>>> print(open('data-v3.txt').read())   # compact mmCIF, N, CA, C and O atoms
# COMPACT_ATOMS: atom_id res chain seq x y z
N MET J 1 -23.53 2.45 -0.05
CA MET J 1 -22.67 3.13 0.90
C MET J 1 -23.30 4.42 1.40
O MET J 1 -23.15 4.76 2.55
N ALA J 2 -24.01 5.12 0.54
CA ALA J 2 -24.60 6.40 0.93
C ALA J 2 -25.53 6.25 2.13
O ALA J 2 -25.66 7.19 2.93
N ASP J 3 -26.14 5.08 2.30
CA ASP J 3 -27.03 4.88 3.44
C ASP J 3 -26.29 4.78 4.77
O ASP J 3 -26.90 4.84 5.82
N LEU J 4 -24.96 4.67 4.72
CA LEU J 4 -24.15 4.59 5.94
C LEU J 4 -23.55 5.94 6.35
O LEU J 4 -22.97 6.07 7.41
N VAL J 5 -23.69 6.95 5.49
CA VAL J 5 -23.11 8.27 5.75
C VAL J 5 -23.75 8.89 7.00
O VAL J 5 -24.96 8.86 7.18
N GLY J 6 -22.89 9.44 7.86
CA GLY J 6 -23.35 10.17 9.03
C GLY J 6 -23.86 9.30 10.16
O GLY J 6 -24.38 9.82 11.15
N ARG J 7 -23.66 8.01 10.08
CA ARG J 7 -24.21 7.11 11.11
C ARG J 7 -23.23 6.84 12.24
O ARG J 7 -23.60 6.23 13.24
N LEU J 8 -21.99 7.30 12.11
CA LEU J 8 -20.98 7.10 13.15
C LEU J 8 -21.00 8.30 14.10
O LEU J 8 -21.09 9.44 13.66
N ASP J 9 -20.93 8.03 15.40
CA ASP J 9 -20.88 9.12 16.38
C ASP J 9 -19.69 10.02 16.10
O ASP J 9 -18.58 9.54 15.85
N ASP J 10 -19.90 11.33 16.18
CA ASP J 10 -18.85 12.30 15.85
C ASP J 10 -17.59 12.12 16.71
O ASP J 10 -16.49 12.30 16.21
N GLU J 11 -17.75 11.76 17.98
CA GLU J 11 -16.57 11.63 18.84
C GLU J 11 -15.69 10.45 18.44
O GLU J 11 -14.53 10.37 18.84
N LEU J 12 -16.21 9.55 17.62
CA LEU J 12 -15.42 8.40 17.16
C LEU J 12 -14.67 8.68 15.85
O LEU J 12 -13.72 7.96 15.52
N ARG J 13 -15.07 9.69 15.11
CA ARG J 13 -14.50 9.91 13.78
C ARG J 13 -12.99 10.04 13.79
O ARG J 13 -12.30 9.35 13.05
N GLU J 14 -12.46 10.92 14.60
CA GLU J 14 -11.01 11.15 14.59
C GLU J 14 -10.22 9.95 15.09
O GLU J 14 -9.33 9.46 14.40
N PRO J 15 -10.52 9.44 16.30
CA PRO J 15 -9.69 8.31 16.76
C PRO J 15 -9.84 7.06 15.91
O PRO J 15 -8.86 6.35 15.65
N LEU J 16 -11.05 6.80 15.43
CA LEU J 16 -11.25 5.59 14.63
C LEU J 16 -10.61 5.73 13.25
O LEU J 16 -9.95 4.80 12.78
N SER J 17 -10.75 6.88 12.61
CA SER J 17 -10.12 7.05 11.29
C SER J 17 -8.60 6.99 11.42
O SER J 17 -7.92 6.41 10.57
N HIS J 18 -8.06 7.56 12.48
CA HIS J 18 -6.62 7.49 12.72
C HIS J 18 -6.17 6.03 12.85
O HIS J 18 -5.19 5.61 12.22
N TYR J 19 -6.89 5.26 13.64
CA TYR J 19 -6.57 3.85 13.82
C TYR J 19 -6.62 3.11 12.48
O TYR J 19 -5.69 2.39 12.12
N LEU J 20 -7.69 3.31 11.75
CA LEU J 20 -7.87 2.62 10.47
C LEU J 20 -6.78 2.98 9.46
O LEU J 20 -6.32 2.12 8.71
N LEU J 21 -6.40 4.24 9.42
CA LEU J 21 -5.43 4.70 8.42
C LEU J 21 -3.98 4.45 8.82
O LEU J 21 -3.11 4.37 7.96
N GLU J 22 -3.71 4.31 10.11
CA GLU J 22 -2.33 4.21 10.57
C GLU J 22 -1.88 2.80 10.94
O GLU J 22 -0.70 2.58 11.18
N CYS J 23 -2.80 1.85 11.02
CA CYS J 23 -2.38 0.47 11.26
C CYS J 23 -1.63 -0.04 10.03
O CYS J 23 -1.62 0.59 8.98
N GLN J 24 -1.03 -1.19 10.18
CA GLN J 24 -0.17 -1.77 9.16
C GLN J 24 -0.87 -1.93 7.81
O GLN J 24 -1.93 -2.53 7.73
N SER J 25 -0.25 -1.40 6.77
CA SER J 25 -0.73 -1.61 5.42
C SER J 25 -0.18 -2.94 4.92
O SER J 25 1.02 -3.18 4.99
N LEU J 26 -1.06 -3.80 4.44
CA LEU J 26 -0.64 -5.09 3.90
C LEU J 26 -0.40 -4.99 2.40
O LEU J 26 0.55 -5.55 1.87
N VAL J 27 -1.30 -4.29 1.74
CA VAL J 27 -1.25 -4.11 0.29
C VAL J 27 -1.70 -2.70 0.00
O VAL J 27 -2.73 -2.26 0.52
N SER J 28 -0.95 -1.99 -0.82
CA SER J 28 -1.36 -0.66 -1.26
C SER J 28 -1.50 -0.66 -2.77
O SER J 28 -0.67 -1.26 -3.46
N THR J 29 -2.53 -0.02 -3.24
CA THR J 29 -2.71 0.12 -4.68
C THR J 29 -2.96 1.59 -4.97
O THR J 29 -2.98 2.42 -4.06
N GLN J 30 -3.17 1.92 -6.22
CA GLN J 30 -3.43 3.31 -6.56
C GLN J 30 -4.71 3.78 -5.89
O GLN J 30 -5.62 2.99 -5.63
N SER J 31 -4.76 5.07 -5.60
CA SER J 31 -5.97 5.62 -5.02
C SER J 31 -7.09 5.64 -6.05
O SER J 31 -6.86 5.50 -7.24
N MET J 32 -8.31 5.80 -5.55
CA MET J 32 -9.47 5.80 -6.45
C MET J 32 -10.26 7.08 -6.26
O MET J 32 -10.06 7.82 -5.30
N ALA J 33 -11.18 7.31 -7.17
CA ALA J 33 -12.08 8.45 -7.06
C ALA J 33 -13.06 8.21 -5.92
O ALA J 33 -13.40 7.08 -5.59
N ASP J 34 -13.52 9.29 -5.33
CA ASP J 34 -14.49 9.22 -4.24
C ASP J 34 -15.88 8.99 -4.84
O ASP J 34 -16.41 9.85 -5.53
N PRO J 35 -16.50 7.84 -4.58
CA PRO J 35 -17.81 7.56 -5.17
C PRO J 35 -18.93 8.45 -4.62
O PRO J 35 -19.98 8.57 -5.24
N LEU J 36 -18.69 9.09 -3.47
CA LEU J 36 -19.70 9.96 -2.88
C LEU J 36 -19.53 11.41 -3.29
O LEU J 36 -20.41 12.24 -3.04
N ASP J 37 -18.38 11.74 -3.88
CA ASP J 37 -18.11 13.10 -4.33
C ASP J 37 -17.26 13.03 -5.59
O ASP J 37 -16.02 13.04 -5.51
N PRO J 38 -17.88 12.96 -6.76
CA PRO J 38 -17.14 12.80 -8.01
C PRO J 38 -16.12 13.91 -8.27
O PRO J 38 -15.18 13.71 -9.05
N ALA J 39 -16.25 15.05 -7.64
CA ALA J 39 -15.27 16.12 -7.81
C ALA J 39 -13.91 15.72 -7.25
O ALA J 39 -12.88 16.24 -7.66
N ARG J 40 -13.91 14.79 -6.32
CA ARG J 40 -12.66 14.26 -5.78
C ARG J 40 -12.28 13.06 -6.63
O ARG J 40 -12.64 11.93 -6.34
N ASP J 41 -11.56 13.31 -7.69
CA ASP J 41 -11.30 12.25 -8.67
C ASP J 41 -10.18 11.30 -8.27
O ASP J 41 -9.89 10.35 -8.97
N HIS J 42 -9.54 11.55 -7.14
CA HIS J 42 -8.54 10.62 -6.60
C HIS J 42 -8.35 10.95 -5.12
O HIS J 42 -8.93 11.89 -4.61
N GLY J 43 -7.56 10.18 -4.47
CA GLY J 43 -7.27 10.46 -3.07
C GLY J 43 -7.87 9.49 -2.07
O GLY J 43 -7.55 9.54 -0.90
N VAL J 44 -8.73 8.61 -2.52
CA VAL J 44 -9.27 7.59 -1.62
C VAL J 44 -8.27 6.44 -1.62
O VAL J 44 -8.05 5.80 -2.65
N PRO J 45 -7.64 6.18 -0.47
CA PRO J 45 -6.64 5.10 -0.43
C PRO J 45 -7.29 3.74 -0.64
O PRO J 45 -8.40 3.50 -0.18
N THR J 46 -6.60 2.88 -1.35
CA THR J 46 -7.10 1.53 -1.55
C THR J 46 -6.03 0.54 -1.12
O THR J 46 -4.86 0.88 -1.03
N GLY J 47 -6.43 -0.64 -0.84
CA GLY J 47 -5.54 -1.69 -0.38
C GLY J 47 -6.15 -2.40 0.81
O GLY J 47 -7.35 -2.32 1.06
N MET J 48 -5.31 -3.08 1.56
CA MET J 48 -5.74 -3.81 2.74
C MET J 48 -4.84 -3.43 3.90
O MET J 48 -3.62 -3.26 3.73
N SER J 49 -5.42 -3.32 5.09
CA SER J 49 -4.69 -3.01 6.31
C SER J 49 -5.09 -4.01 7.39
O SER J 49 -6.11 -4.67 7.28
N SER J 50 -4.26 -4.08 8.45
CA SER J 50 -4.56 -5.00 9.54
C SER J 50 -3.94 -4.54 10.84
O SER J 50 -2.95 -3.80 10.84
N ASP J 51 -4.52 -5.00 11.92
CA ASP J 51 -3.93 -4.79 13.25
C ASP J 51 -3.54 -6.12 13.88
O ASP J 51 -3.28 -6.22 15.06
N GLY J 52 -3.53 -7.17 13.07
CA GLY J 52 -3.18 -8.50 13.55
C GLY J 52 -4.38 -9.34 13.90
O GLY J 52 -4.30 -10.57 13.94
N THR J 53 -5.51 -8.71 14.13
CA THR J 53 -6.75 -9.42 14.44
C THR J 53 -7.75 -9.23 13.31
O THR J 53 -8.33 -10.18 12.82
N TRP J 54 -7.95 -7.98 12.92
CA TRP J 54 -8.88 -7.64 11.85
C TRP J 54 -8.09 -7.27 10.60
O TRP J 54 -6.98 -6.74 10.69
N VAL J 55 -8.67 -7.53 9.45
CA VAL J 55 -8.16 -7.07 8.16
C VAL J 55 -9.29 -6.28 7.51
O VAL J 55 -10.44 -6.70 7.55
N TRP J 56 -8.97 -5.10 6.96
CA TRP J 56 -10.00 -4.25 6.37
C TRP J 56 -9.49 -3.54 5.13
O TRP J 56 -8.29 -3.42 4.92
N SER J 57 -10.42 -3.08 4.33
CA SER J 57 -10.07 -2.25 3.18
C SER J 57 -9.60 -0.90 3.70
O SER J 57 -10.26 -0.29 4.54
N THR J 58 -8.46 -0.47 3.21
CA THR J 58 -7.85 0.76 3.71
C THR J 58 -8.78 1.96 3.57
O THR J 58 -8.73 2.88 4.38
N TYR J 59 -9.66 1.93 2.59
CA TYR J 59 -10.55 3.08 2.40
C TYR J 59 -11.52 3.28 3.56
O TYR J 59 -12.15 4.33 3.68
N TRP J 60 -11.69 2.31 4.45
CA TRP J 60 -12.54 2.51 5.62
C TRP J 60 -12.15 3.78 6.36
O TRP J 60 -13.01 4.56 6.77
N GLY J 61 -10.85 3.97 6.58
CA GLY J 61 -10.40 5.15 7.32
C GLY J 61 -10.79 6.46 6.66
O GLY J 61 -11.21 7.41 7.32
N TYR J 62 -10.67 6.50 5.34
CA TYR J 62 -11.05 7.70 4.59
C TYR J 62 -12.53 7.99 4.77
O TYR J 62 -12.94 9.12 5.06
N PHE J 63 -13.37 6.98 4.58
CA PHE J 63 -14.81 7.19 4.65
C PHE J 63 -15.29 7.48 6.08
O PHE J 63 -16.24 8.23 6.26
N VAL J 64 -14.62 6.93 7.07
CA VAL J 64 -14.93 7.29 8.46
C VAL J 64 -14.60 8.76 8.69
O VAL J 64 -15.40 9.52 9.22
N ARG J 65 -13.40 9.18 8.27
CA ARG J 65 -12.95 10.56 8.48
C ARG J 65 -13.81 11.56 7.72
O ARG J 65 -14.25 12.57 8.27
N GLU J 66 -14.07 11.29 6.45
CA GLU J 66 -14.75 12.26 5.60
C GLU J 66 -16.26 12.28 5.75
O GLU J 66 -16.89 13.33 5.59
N TYR J 67 -16.86 11.12 6.01
CA TYR J 67 -18.32 11.01 5.95
C TYR J 67 -18.97 10.37 7.18
O TYR J 67 -20.18 10.15 7.17
N ALA J 68 -18.19 10.05 8.20
CA ALA J 68 -18.73 9.37 9.39
C ALA J 68 -19.48 8.10 9.01
O ALA J 68 -20.54 7.78 9.52
N ILE J 69 -18.87 7.35 8.06
CA ILE J 69 -19.46 6.07 7.63
C ILE J 69 -19.42 5.09 8.80
O ILE J 69 -18.42 4.95 9.48
N GLU J 70 -20.51 4.40 8.99
CA GLU J 70 -20.60 3.39 10.05
C GLU J 70 -19.81 2.15 9.65
O GLU J 70 -19.87 1.70 8.51
N VAL J 71 -19.04 1.63 10.59
CA VAL J 71 -18.34 0.36 10.42
C VAL J 71 -18.90 -0.60 11.47
O VAL J 71 -19.60 -0.18 12.39
N PRO J 72 -18.60 -1.89 11.36
CA PRO J 72 -19.18 -2.85 12.30
C PRO J 72 -18.90 -2.49 13.77
O PRO J 72 -17.78 -2.12 14.14
N ALA J 73 -19.91 -2.62 14.60
CA ALA J 73 -19.78 -2.31 16.03
C ALA J 73 -18.69 -3.16 16.67
O ALA J 73 -17.97 -2.69 17.56
N GLU J 74 -18.54 -4.40 16.22
CA GLU J 74 -17.50 -5.28 16.78
C GLU J 74 -16.11 -4.71 16.51
O GLU J 74 -15.22 -4.83 17.35
N PHE J 75 -15.94 -4.10 15.34
CA PHE J 75 -14.65 -3.49 15.04
C PHE J 75 -14.41 -2.28 15.92
O PHE J 75 -13.31 -2.08 16.44
N ILE J 76 -15.41 -1.45 16.10
CA ILE J 76 -15.27 -0.27 16.96
C ILE J 76 -14.91 -0.71 18.37
O ILE J 76 -14.00 -0.14 18.99
N ASP J 77 -15.58 -1.72 18.90
CA ASP J 77 -15.26 -2.22 20.24
C ASP J 77 -13.82 -2.71 20.30
O ASP J 77 -13.11 -2.47 21.28
N HIS J 78 -13.39 -3.40 19.25
CA HIS J 78 -12.02 -3.91 19.19
C HIS J 78 -11.01 -2.76 19.20
O HIS J 78 -10.05 -2.77 19.98
N ALA J 79 -11.21 -1.77 18.34
CA ALA J 79 -10.29 -0.62 18.28
C ALA J 79 -10.30 0.14 19.60
O ALA J 79 -9.24 0.58 20.09
N ARG J 80 -11.46 0.29 20.19
CA ARG J 80 -11.57 0.98 21.48
C ARG J 80 -10.80 0.21 22.56
O ARG J 80 -10.14 0.82 23.40
N SER J 81 -10.85 -1.11 22.53
CA SER J 81 -10.13 -1.92 23.53
C SER J 81 -8.62 -1.71 23.42
O SER J 81 -7.89 -1.98 24.37
N ARG J 82 -8.17 -1.24 22.27
CA ARG J 82 -6.76 -0.94 22.05
C ARG J 82 -6.49 0.56 22.19
O ARG J 82 -5.45 1.04 21.75
N ASP J 83 -7.44 1.28 22.75
CA ASP J 83 -7.35 2.73 22.92
C ASP J 83 -7.06 3.46 21.62
O ASP J 83 -6.41 4.50 21.60
N PHE J 84 -7.52 2.88 20.52
CA PHE J 84 -7.35 3.46 19.19
C PHE J 84 -5.88 3.71 18.84
O PHE J 84 -5.56 4.60 18.05
N GLN J 85 -4.99 2.92 19.44
CA GLN J 85 -3.56 3.05 19.16
C GLN J 85 -3.19 2.15 17.98
O GLN J 85 -3.32 0.93 18.07
N PRO J 86 -2.73 2.74 16.86
CA PRO J 86 -2.37 1.94 15.69
C PRO J 86 -1.31 0.90 16.02
O PRO J 86 -0.47 1.10 16.90
N VAL J 87 -1.36 -0.19 15.29
CA VAL J 87 -0.48 -1.33 15.50
C VAL J 87 0.43 -1.50 14.30
O VAL J 87 0.00 -1.36 13.16
N THR J 88 1.69 -1.81 14.57
CA THR J 88 2.61 -2.22 13.52
C THR J 88 2.89 -3.69 13.73
O THR J 88 3.28 -4.10 14.83
N LEU J 89 2.67 -4.47 12.70
CA LEU J 89 2.84 -5.91 12.81
C LEU J 89 4.31 -6.29 12.70
O LEU J 89 5.06 -5.68 11.95
N ASP J 90 4.69 -7.33 13.44
CA ASP J 90 6.05 -7.85 13.23
C ASP J 90 6.01 -8.77 12.00
O ASP J 90 4.95 -9.06 11.45
N ASN J 91 7.17 -9.20 11.56
CA ASN J 91 7.26 -10.00 10.33
C ASN J 91 6.44 -11.27 10.39
O ASN J 91 5.78 -11.65 9.42
N ALA J 92 6.47 -11.95 11.53
CA ALA J 92 5.72 -13.21 11.66
C ALA J 92 4.22 -12.97 11.55
O ALA J 92 3.51 -13.74 10.88
N GLU J 93 3.72 -11.90 12.19
CA GLU J 93 2.30 -11.59 12.11
C GLU J 93 1.90 -11.25 10.68
O GLU J 93 0.86 -11.68 10.19
N GLN J 94 2.74 -10.46 10.02
CA GLN J 94 2.42 -10.08 8.65
C GLN J 94 2.41 -11.29 7.72
O GLN J 94 1.52 -11.44 6.89
N GLU J 95 3.36 -12.18 7.89
CA GLU J 95 3.39 -13.39 7.07
C GLU J 95 2.17 -14.27 7.32
O GLU J 95 1.60 -14.84 6.39
N ARG J 96 1.76 -14.38 8.59
CA ARG J 96 0.56 -15.17 8.93
C ARG J 96 -0.67 -14.60 8.24
O ARG J 96 -1.45 -15.33 7.61
N ILE J 97 -0.85 -13.31 8.31
CA ILE J 97 -2.01 -12.67 7.70
C ILE J 97 -1.95 -12.78 6.18
O ILE J 97 -2.95 -13.07 5.53
N ASP J 98 -0.77 -12.57 5.61
CA ASP J 98 -0.61 -12.72 4.16
C ASP J 98 -1.01 -14.12 3.72
O ASP J 98 -1.71 -14.29 2.72
N SER J 99 -0.59 -15.13 4.46
CA SER J 99 -0.93 -16.52 4.13
C SER J 99 -2.44 -16.75 4.22
O SER J 99 -3.03 -17.42 3.37
N GLU J 100 -3.07 -16.20 5.26
CA GLU J 100 -4.51 -16.36 5.42
C GLU J 100 -5.26 -15.67 4.29
O GLU J 100 -6.25 -16.20 3.76
N LEU J 101 -4.79 -14.50 3.88
CA LEU J 101 -5.44 -13.79 2.77
C LEU J 101 -5.28 -14.56 1.46
O LEU J 101 -6.23 -14.68 0.70
N GLU J 102 -4.09 -15.07 1.23
CA GLU J 102 -3.85 -15.86 0.02
C GLU J 102 -4.77 -17.07 -0.03
O GLU J 102 -5.35 -17.39 -1.07
N ALA J 103 -4.93 -17.74 1.10
CA ALA J 103 -5.80 -18.91 1.17
C ALA J 103 -7.26 -18.52 0.91
O ALA J 103 -7.98 -19.23 0.22
N THR J 104 -7.66 -17.38 1.42
CA THR J 104 -9.03 -16.90 1.22
C THR J 104 -9.30 -16.62 -0.24
O THR J 104 -10.34 -16.99 -0.77
N PHE J 105 -8.35 -15.96 -0.91
CA PHE J 105 -8.57 -15.58 -2.29
C PHE J 105 -8.33 -16.70 -3.28
O PHE J 105 -8.74 -16.62 -4.42
N SER J 106 -7.67 -17.78 -2.84
CA SER J 106 -7.42 -18.88 -3.76
C SER J 106 -8.55 -19.91 -3.76
O SER J 106 -8.58 -20.80 -4.58
N ASP J 107 -9.46 -19.79 -2.80
CA ASP J 107 -10.60 -20.73 -2.73
C ASP J 107 -11.60 -20.49 -3.82
O ASP J 107 -11.84 -19.54 -4.36
>>> encode(input="data-v3.txt", output="structure tokens")
Amino acid sequence: MADLVGRLDDELREPLSHYLLECQSLVSTQSMADPLDPARDHGVPTGMSSDGTWVWSTYWGYFVREYAIEVPAEFIDHARSRDFQPVTLDNAEQERIDSELEATFSD
């Protein structure tokens, strides 16, 4: 992960981290220690989030905000196409994604 630090353009940090952190949380778990700064022994959000198209580890938003960690260019293009506006899923969308995740993890 350390090799990805600082690779994201600064102008993307705020809107992208906001998008990542504010889209629908699918699963939340306890926070974890920051692997890049051991002095931060908690506070990194963990779980899974989604905007209905992409599903990601919730900690992406934290690492984008704190360290300008690079995420896939396809995801950035996708979030940009939505003007970085967070999405709240309706019940049907959330159930669809939950089912897809369950199928993925049961294989």
>>> select_by_dssp(input="data-v3.txt", residues="chain J", states="alpha helix (DSSP H)", output="number ranges by chain")
J: 10-22, 59-67, 73-81, 91-106
>>> closest_residue(input="data-v3.txt", among="J:Glu93, J:Tyr67, J:Tyr19, J:Ala33", to="Met1 (chain J)", atoms="all atoms listed in the file")
J:Tyr67
>>> residues_around(input="data-v3.txt", residues="Ala68 (chain J)", least_positions_apart="3", cutoff="5 Å", atoms="all atoms listed in the file", output="NGL selection string")
:J and (4-8 or 63-65)
>>> closest_residue(input="data-v3.txt", among="J:Met48, J:Arg96, J:Pro86, J:Ile76", to="Val27 (chain J)", atoms="all atoms listed in the file")
J:Met48
>>> closest_residue(input="data-v3.txt", among="J:Trp54, J:Glu22, J:Gly43, J:Pro35", to="Glu74 (chain J)", atoms="only C-alpha atoms")
J:Trp54
>>> atom_distance(input="data-v3.txt", atom1="atom N of Gln24 (chain J)", atom2="atom C of Pro38 (chain J)")
28.2 Å
>>> atom_distance(input="data-v3.txt", atom1="atom C of Met32 (chain J)", atom2="atom O of Asp3 (chain J)")
20.7 Å
>>> closest_residue(input="data-v3.txt", among="J:Thr29, J:Phe84, J:Asp77, J:Thr53", to="Glu14 (chain J)", atoms="only N, CA, C and O atoms")
J:Phe84
>>> residues_around(input="data-v3.txt", residues="Asp9 (chain J)", least_positions_apart="4", cutoff="10 Å", atoms="only C-alpha atoms", output="JSON, numbers by chain")
{"J": [13, 68, 69, 70]}
>>> closest_residue(input="data-v3.txt", among="J:Ala103, J:Gln30, J:Val87, J:Ser25", to="Pro45 (chain J)", atoms="all atoms listed in the file")
J:Gln30
>>> atom_distance(input="data-v3.txt", atom1="CA of Pro15 (chain J)", atom2="atom C of His78 (chain J)")
11.4 Å
>>> select_by_dssp(input="data-v3.txt", residues="chain J", states="strand (DSSP E)", output="PyMOL selection string")
chain J and resi 24-32+44-50+55-57
>>> axis_aligned_box(input="data-v3.txt", around="region 18-32 of chain J", padding_each_side="4 Å", output="lines of an AutoDock Vina configuration file")
center_x = -4.6
center_y = 1.1
center_z = 3.3
size_x = 19.3
size_y = 21.4
size_z = 29.1
>>> build_atoms(input="data-v3.txt", residues="region 99-107 of chain J", atoms="all heavy atoms", output="tab-separated table (two decimals), in the coordinates of the input")
chain	number	residue	atom	x	y	z
J	99	SER	N	-0.59	-15.13	4.46
J	99	SER	CA	-0.93	-16.52	4.13
J	99	SER	C	-2.44	-16.75	4.22
J	99	SER	O	-3.03	-17.42	3.37
J	99	SER	CB	-0.21	-17.50	5.05
J	99	SER	OG	1.17	-17.45	4.84
J	100	GLU	N	-3.07	-16.20	5.26
J	100	GLU	CA	-4.51	-16.36	5.42
J	100	GLU	C	-5.26	-15.67	4.29
J	100	GLU	O	-6.25	-16.20	3.76
J	100	GLU	CB	-4.96	-15.79	6.77
J	100	GLU	CG	-4.52	-16.64	7.95
J	100	GLU	CD	-4.84	-16.01	9.29
J	100	GLU	OE1	-5.52	-14.97	9.35
J	100	GLU	OE2	-4.37	-16.57	10.31
J	101	LEU	N	-4.79	-14.50	3.88
J	101	LEU	CA	-5.44	-13.79	2.77
J	101	LEU	C	-5.28	-14.56	1.46
J	101	LEU	O	-6.23	-14.68	0.70
J	101	LEU	CB	-4.87	-12.37	2.62
J	101	LEU	CG	-5.32	-11.35	3.65
J	101	LEU	CD1	-4.55	-10.05	3.47
J	101	LEU	CD2	-6.80	-11.10	3.56
J	102	GLU	N	-4.09	-15.07	1.23
J	102	GLU	CA	-3.85	-15.86	0.02
J	102	GLU	C	-4.77	-17.07	-0.03
J	102	GLU	O	-5.35	-17.39	-1.07
J	102	GLU	CB	-2.40	-16.29	-0.08
J	102	GLU	CG	-1.45	-15.17	-0.45
J	102	GLU	CD	-0.01	-15.60	-0.47
J	102	GLU	OE1	0.27	-16.81	-0.64
J	102	GLU	OE2	0.86	-14.74	-0.32
J	103	ALA	N	-4.93	-17.74	1.10
J	103	ALA	CA	-5.80	-18.91	1.17
J	103	ALA	C	-7.26	-18.52	0.91
J	103	ALA	O	-7.98	-19.23	0.22
J	103	ALA	CB	-5.67	-19.60	2.53
J	104	THR	N	-7.66	-17.38	1.42
J	104	THR	CA	-9.03	-16.90	1.22
J	104	THR	C	-9.30	-16.62	-0.24
J	104	THR	O	-10.34	-16.99	-0.77
J	104	THR	CB	-9.28	-15.63	2.06
J	104	THR	OG1	-9.11	-15.95	3.44
J	104	THR	CG2	-10.67	-15.09	1.82
J	105	PHE	N	-8.35	-15.96	-0.91
J	105	PHE	CA	-8.57	-15.58	-2.29
J	105	PHE	C	-8.33	-16.70	-3.28
J	105	PHE	O	-8.74	-16.62	-4.42
J	105	PHE	CB	-7.72	-14.35	-2.66
J	105	PHE	CG	-8.18	-13.10	-1.97
J	105	PHE	CD1	-7.39	-12.44	-1.05
J	105	PHE	CD2	-9.45	-12.60	-2.24
J	105	PHE	CE1	-7.82	-11.29	-0.42
J	105	PHE	CE2	-9.90	-11.43	-1.60
J	105	PHE	CZ	-9.09	-10.79	-0.69
J	106	SER	N	-7.67	-17.78	-2.84
J	106	SER	CA	-7.42	-18.88	-3.76
J	106	SER	C	-8.55	-19.91	-3.76
J	106	SER	O	-8.58	-20.80	-4.58
J	106	SER	CB	-6.09	-19.57	-3.44
J	106	SER	OG	-6.16	-20.21	-2.18
J	107	ASP	N	-9.46	-19.79	-2.80
J	107	ASP	CA	-10.60	-20.73	-2.73
J	107	ASP	C	-11.60	-20.49	-3.82
J	107	ASP	O	-11.84	-19.54	-4.36
J	107	ASP	CB	-11.31	-20.62	-1.36
J	107	ASP	CG	-10.43	-21.21	-0.25
J	107	ASP	OD1	-9.54	-22.01	-0.55
J	107	ASP	OD2	-10.67	-20.84	0.92
